[in-house]
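Asker: Pasting data_3.txt here (compact mmCIF, C-alpha atoms):
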```txt
# COMPACT_ATOMS: atom_id res chain seq x y z
CA MET A 282 44.84 -5.84 14.52
CA SER A 283 47.97 -3.63 14.43
CA ALA A 284 48.53 -1.08 11.67
CA ILE A 285 50.95 -1.87 8.87
CA GLN A 286 54.27 -0.20 9.62
CA PRO A 287 55.95 2.01 6.99
CA ARG A 288 58.49 0.35 4.76
CA ILE A 289 60.80 3.37 5.15
CA TYR A 290 60.92 6.81 6.74
CA LEU A 291 61.68 9.90 4.65
CA ALA A 292 63.82 12.41 6.55
CA SER A 293 62.75 15.39 4.46
CA GLN A 294 60.06 18.05 4.43
CA SER A 295 60.31 18.38 0.64
CA PRO A 296 56.94 17.83 -1.08
CA ARG A 297 58.89 17.07 -4.28
CA ARG A 298 60.65 14.11 -2.67
CA ARG A 299 57.36 12.85 -1.29
CA GLU A 300 55.78 13.01 -4.73
CA LEU A 301 58.70 11.18 -6.34
CA LEU A 302 58.50 8.34 -3.81
CA LYS A 303 54.76 8.11 -4.40
CA GLN A 304 55.44 8.02 -8.14
CA ILE A 305 57.33 4.74 -7.78
CA GLY A 306 54.93 3.30 -5.22
CA VAL A 307 57.24 3.23 -2.19
CA ASN A 308 55.47 2.97 1.16
CA PHE A 309 56.89 5.67 3.44
CA GLU A 310 56.22 7.97 6.36
CA VAL A 311 57.70 11.46 6.74
CA LEU A 312 60.14 11.83 9.63
CA LEU A 313 60.81 15.46 10.53
CA LEU A 314 64.26 16.31 11.87
CA ARG A 315 62.96 18.81 14.39
CA SER A 316 64.77 19.29 17.69
CA ASP A 317 63.23 17.38 20.57
CA ALA A 318 63.46 18.53 24.16
CA GLY A 319 67.09 18.23 25.27
CA ARG A 320 68.29 16.77 21.98
CA ARG A 321 69.16 18.43 18.66
CA MET A 322 68.19 16.42 15.61
CA ASP A 323 68.88 18.95 12.86
CA VAL A 324 71.91 18.91 10.58
CA ASP A 325 74.40 21.76 10.09
CA GLU A 326 74.57 22.24 6.31
CA THR A 327 77.49 24.67 6.35
CA PRO A 328 80.17 23.59 3.83
CA HIS A 329 83.58 22.80 5.33
CA ALA A 330 86.59 24.84 4.22
CA GLY A 331 88.01 23.36 1.03
CA GLU A 332 85.29 20.69 0.81
CA LEU A 333 84.52 19.51 -2.72
CA PRO A 334 80.85 19.78 -3.78
CA GLU A 335 80.61 15.99 -4.29
CA ASP A 336 81.93 15.37 -0.78
CA TYR A 337 79.63 18.03 0.66
CA VAL A 338 76.46 16.56 -0.87
CA GLN A 339 77.30 13.03 0.26
CA ARG A 340 78.23 14.19 3.77
CA ILE A 341 74.99 16.11 4.24
CA CYS A 342 72.73 13.30 3.06
CA ARG A 343 74.65 10.84 5.28
CA ASP A 344 74.27 13.17 8.27
CA LYS A 345 70.54 13.61 7.58
CA ALA A 346 69.96 9.86 7.35
CA THR A 347 71.99 9.23 10.52
CA ALA A 348 70.17 12.00 12.39
CA GLY A 349 66.87 10.61 11.13
CA TYR A 350 67.61 7.14 12.45
CA ALA A 351 68.73 8.61 15.79
CA ALA A 352 65.45 10.56 15.95
CA LEU A 353 63.53 7.39 15.16
CA ARG A 354 65.07 5.56 18.10
CA TYR A 355 64.83 8.54 20.45
CA ARG A 356 61.09 8.87 19.77
CA GLY A 357 60.48 5.16 20.16
CA LEU A 358 59.08 4.73 16.66
CA PRO A 359 58.96 1.32 14.94
CA PRO A 360 62.38 0.63 13.33
CA ALA A 361 62.67 0.95 9.55
CA PRO A 362 65.26 2.33 7.11
CA VAL A 363 65.56 6.13 6.97
CA LEU A 364 65.99 7.78 3.57
CA ALA A 365 67.55 11.24 3.22
CA ALA A 366 68.74 13.33 0.28
CA ASP A 367 70.57 16.56 -0.44
CA THR A 368 70.74 18.57 -3.65
CA ALA A 369 73.30 21.20 -4.66
CA VAL A 370 73.62 23.37 -7.76
CA ILE A 371 77.24 23.79 -8.87
CA LEU A 372 78.62 26.48 -11.15
CA ASP A 373 82.34 26.72 -11.90
CA GLY A 374 83.02 24.24 -9.11
CA LYS A 375 81.21 26.31 -6.47
CA ILE A 376 77.97 25.55 -4.60
CA LEU A 377 75.39 28.25 -5.33
CA GLY A 378 73.05 27.35 -2.45
CA LYS A 379 69.54 28.63 -1.79
CA PRO A 380 68.71 32.33 -2.22
CA ASP A 381 68.75 34.43 0.93
CA ASP A 382 66.47 37.10 -0.55
CA ALA A 383 65.17 38.48 -3.86
CA ALA A 384 68.45 40.20 -4.70
CA HIS A 385 70.39 36.97 -4.13
CA ALA A 386 67.85 34.99 -6.18
CA THR A 387 68.24 37.48 -9.04
CA GLU A 388 72.01 37.11 -8.91
CA LEU A 389 71.79 33.30 -8.98
CA LEU A 390 69.61 33.28 -12.09
CA ARG A 391 71.88 35.82 -13.78
CA LEU A 392 74.84 33.55 -13.12
CA LEU A 393 73.00 30.52 -14.55
CA SER A 394 71.67 32.39 -17.61
CA GLY A 395 72.96 30.95 -20.89
CA ARG A 396 75.37 28.60 -19.15
CA GLU A 397 75.80 24.99 -18.11
CA HIS A 398 75.76 24.01 -14.45
CA GLN A 399 75.78 20.74 -12.54
CA VAL A 400 73.18 19.44 -10.13
CA LEU A 401 74.42 16.92 -7.56
CA THR A 402 71.94 14.96 -5.48
CA GLY A 403 73.09 12.52 -2.83
CA VAL A 404 70.79 9.86 -1.40
CA ALA A 405 71.47 7.95 1.81
CA LEU A 406 69.68 5.09 3.54
CA ALA A 407 70.35 4.27 7.20
CA MET A 408 69.23 1.31 9.30
CA GLY A 409 70.96 0.52 12.58
CA GLU A 410 74.72 0.58 12.00
CA ARG A 411 74.29 0.28 8.25
CA LEU A 412 74.52 3.38 6.06
CA GLU A 413 74.77 3.45 2.26
CA VAL A 414 74.98 6.39 -0.15
CA GLU A 415 74.46 6.98 -3.87
CA MET A 416 74.83 10.18 -5.87
CA SER A 417 73.56 11.43 -9.22
CA VAL A 418 75.29 14.08 -11.33
CA SER A 419 73.34 15.98 -13.97
CA THR A 420 74.31 18.79 -16.32
CA VAL A 421 71.76 21.50 -17.09
CA ARG A 422 72.09 24.30 -19.62
CA PHE A 423 69.87 27.37 -19.35
CA VAL A 424 68.76 29.63 -22.18
CA GLU A 425 69.66 33.31 -21.90
CA LEU A 426 67.47 35.00 -19.31
CA ASP A 427 66.88 38.72 -19.55
CA LYS A 428 66.06 40.95 -16.59
CA ASP A 429 62.32 40.93 -17.23
CA ARG A 430 62.13 37.16 -17.45
CA ILE A 431 64.07 36.77 -14.20
CA ARG A 432 61.87 39.38 -12.52
CA ARG A 433 58.66 37.65 -13.65
CA TYR A 434 59.93 34.31 -12.44
CA LEU A 435 60.95 35.60 -9.03
CA PHE A 436 57.54 37.27 -8.67
CA THR A 437 55.94 33.79 -8.65
CA GLY A 438 57.96 32.80 -5.56
CA GLU A 439 58.64 29.39 -7.12
CA GLY A 440 62.42 29.52 -6.66
CA LYS A 441 62.26 30.38 -2.97
CA ASP A 442 64.16 27.89 -0.79
CA LYS A 443 65.35 25.97 -3.88
CA ALA A 444 68.98 25.12 -4.64
CA GLY A 445 70.20 27.54 -7.29
CA GLY A 446 67.02 29.60 -6.97
CA TYR A 447 64.88 27.59 -9.40
CA ALA A 448 62.54 24.60 -9.59
CA ILE A 449 62.91 22.57 -12.79
CA GLN A 450 59.55 20.84 -12.24
CA GLY A 451 57.76 24.20 -12.39
CA LEU A 452 57.92 27.30 -14.58
CA ALA A 453 61.73 27.15 -14.68
CA GLY A 454 61.45 24.02 -16.79
CA ALA A 455 61.13 26.47 -19.69
CA PHE A 456 64.62 27.80 -18.91
CA VAL A 457 66.24 24.44 -19.65
CA ALA A 458 67.74 24.20 -23.13
CA ASN A 459 69.40 20.87 -22.40
CA LEU A 460 69.62 18.33 -19.59
CA SER A 461 72.05 15.43 -19.39
CA GLY A 462 71.55 13.07 -16.47
CA SER A 463 68.66 12.50 -14.08
CA TYR A 464 65.59 14.75 -14.29
CA SER A 465 64.33 13.40 -10.95
CA GLY A 466 67.78 14.05 -9.51
CA VAL A 467 67.50 17.71 -10.47
CA VAL A 468 64.04 17.80 -8.88
CA GLY A 469 65.56 16.46 -5.66
CA LEU A 470 65.51 12.65 -5.56
CA PRO A 471 67.16 10.57 -8.32
CA LEU A 472 64.80 7.63 -8.69
CA CYS A 473 67.28 5.22 -10.31
CA GLU A 474 69.82 5.61 -7.49
CA THR A 475 67.08 5.59 -4.85
CA VAL A 476 65.68 2.29 -6.11
CA GLU A 477 69.15 0.76 -6.11
CA LEU A 478 69.56 1.70 -2.44
CA LEU A 479 66.12 0.41 -1.49
CA LYS A 480 66.85 -2.94 -3.17
CA ARG A 481 69.94 -3.39 -0.99
CA PHE A 482 67.71 -3.05 2.07
CA ASN A 483 65.10 -5.43 0.63
CA ILE A 484 62.49 -2.71 0.29
CA PRO A 485 59.83 -3.46 -2.38
CA THR A 486 60.48 -1.34 -5.49
CA PRO A 487 59.17 -1.17 -9.07
```
Is it possible to express this structure as structure tokens?
Answerer:
Amino acid sequence: MSAIQPRIYLASQSPRRRELLKQIGVNFEVLLLRSDAGRRMDVDETPHAGELPEDYVQRICRDKATAGYAALRYRGLPPAPVLAADTAVILDGKILGKPDDAAHATELLRLLSGREHQVLTGVALAMGERLEVEMSVSTVRFVELDKDRIRRYLFTGEGKDKAGGYAIQGLAGAFVANLSGSYSGVVGLPLCETVELLKRFNIPTP
């Protein structure tokens, strides 16, 4: 008797996205976008000159989903839709990105302190020639963060490799004075938009 094939593949190493998919009961398998011998599967996430943040986020998640489906075929895996996502933190119309080091992480949190910023998360689903994208936009306002509070937070290592240098689902949740939009979108995978995409591909959803 053959094993049940995954309903979808998740082209992401993010444990947060895995947990969110599990939360809504979606059957998935993680598909890593590593480079195979003689073929690059990774995605260049460098913003284009003059590219708007909304366009950037949607382009990257589209590219990740497309690369994921190409990797699926190249490796001879059973065909199924490939889900990918990309999250960006925007302040004053500019993408803040992930911190390069502790000094950069400190600067990011100083910039966000006491201010509103936007979190954009694009979600894409690819299957064969078909590719569809959704995006969530959330507004987050931080309380004022003094130097000691930023230092203590960075000491935990929680914000490492996170857009904007923080993780709302962790200790940084206490920084949030107000959130308008999708909490799961700020975490990294907006569940409402994700379910809408999955429905279009006839994937069982809650």
Asker: Which of these, A:Pro334, A:Gly374, A:Gly409, A:Pro380, has the shortest distance to A:Glu397 once you count all atoms listed in the file?
Answerer: A:Gly374
Asker: Using atom CA of A:Val457 and atom CA of A:Leu401 as the two end points, give the distance in Å to one decimal.
Answerer: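 Going from atom CA of A:Val457 over to atom CA of A:Leu401 covers 16.4 Å.
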Asker: So, with all atoms listed in the file as the atoms that count, which of A:Ala448, A:Leu312, A:Leu377, A:Ala455 lies closest to A:Arg391?
Answerer: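 Ranking A:Ala448, A:Leu312, A:Leu377, A:Ala455 by distance to A:Arg391, first place goes to A:Leu377.
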Asker: Can you tell me, as a PDB file with C-alpha atoms, keeping the file's coordinate frame, what residues are no more than 10 Å from A:Cys473 when counting only C-alpha atoms, ignoring any on the same chain fewer than 4 positions away?
Answerer:
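To be explicit, this is the file written out as part.pdb:
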```
ATOM      1  CA  GLU A 415      74.460   6.980  -3.870  1.00  0.00           C
ATOM      2  CA  SER A 417      73.560  11.430  -9.220  1.00  0.00           C
ATOM      3  CA  SER A 463      68.660  12.500 -14.080  1.00  0.00           C
ATOM      4  CA  SER A 465      64.330  13.400 -10.950  1.00  0.00           C
ATOM      5  CA  GLY A 466      67.780  14.050  -9.510  1.00  0.00           C
ATOM      6  CA  GLU A 477      69.150   0.760  -6.110  1.00  0.00           C
ATOM      7  CA  LEU A 478      69.560   1.700  -2.440  1.00  0.00           C
TER       8      LEU A 478
END
```
Asker: Pick out the closest residue to A:Ile484 from this set: A:Ala369, A:Val307, A:Val468, A:Ala444. Count all atoms listed in the file.
Answerer: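 Going through A:Ala369, A:Val307, A:Val468, A:Ala444 one by one, the smallest distance to A:Ile484 is for A:Val307.
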Asker: Please identify all polymer residues within 7 Å of A:Lys379, counting all atoms listed in the file, omitting same-chain residues fewer than 2 positions from it, and present them as a PDB file with C-alpha atoms, keeping the file's coordinate frame.
Answerer:
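What follows is the written file out-v4.pdb:
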```
ATOM      1  CA  LEU A 377      75.390  28.250  -5.330  1.00  0.00           C
ATOM      2  CA  ASP A 381      68.750  34.430   0.930  1.00  0.00           C
ATOM      3  CA  ASP A 442      64.160  27.890  -0.790  1.00  0.00           C
ATOM      4  CA  LYS A 443      65.350  25.970  -3.880  1.00  0.00           C
ATOM      5  CA  ALA A 444      68.980  25.120  -4.640  1.00  0.00           C
ATOM      6  CA  GLY A 445      70.200  27.540  -7.290  1.00  0.00           C
ATOM      7  CA  GLY A 446      67.020  29.600  -6.970  1.00  0.00           C
TER       8      GLY A 446
END
```
Asker: Could you state the separation of atom CA of A:Leu372 and atom CA of A:Gln399 in Å, given to one decimal place?
Answerer: 6.6 Å
Asker: Return the single residue from A:Lys375, A:Pro487, A:Val363, A:Thr402 that is closest to A:Ile289, with distances computed using all atoms listed in the file.
Answerer: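 Closest to A:Ile289, using all atoms listed in the file: A:Val363.
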Asker: For A:Thr420, which of A:Arg433, A:His398, A:Lys441, A:Arg299 is the closest residue, counting all atoms listed in the file?
Answerer: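 Ranked by minimum distance to A:Thr420, first place goes to A:His398.
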Asker: Taking (71.2, 20.9, 7.2) in the coordinates of the supplied file, I want to know which residues reach to within 9 Å of it, counting all atoms listed in the file; could you give the answer as a PyMOL selection string?
Answerer: chain A and resi 323-327+341-342+344-345+367
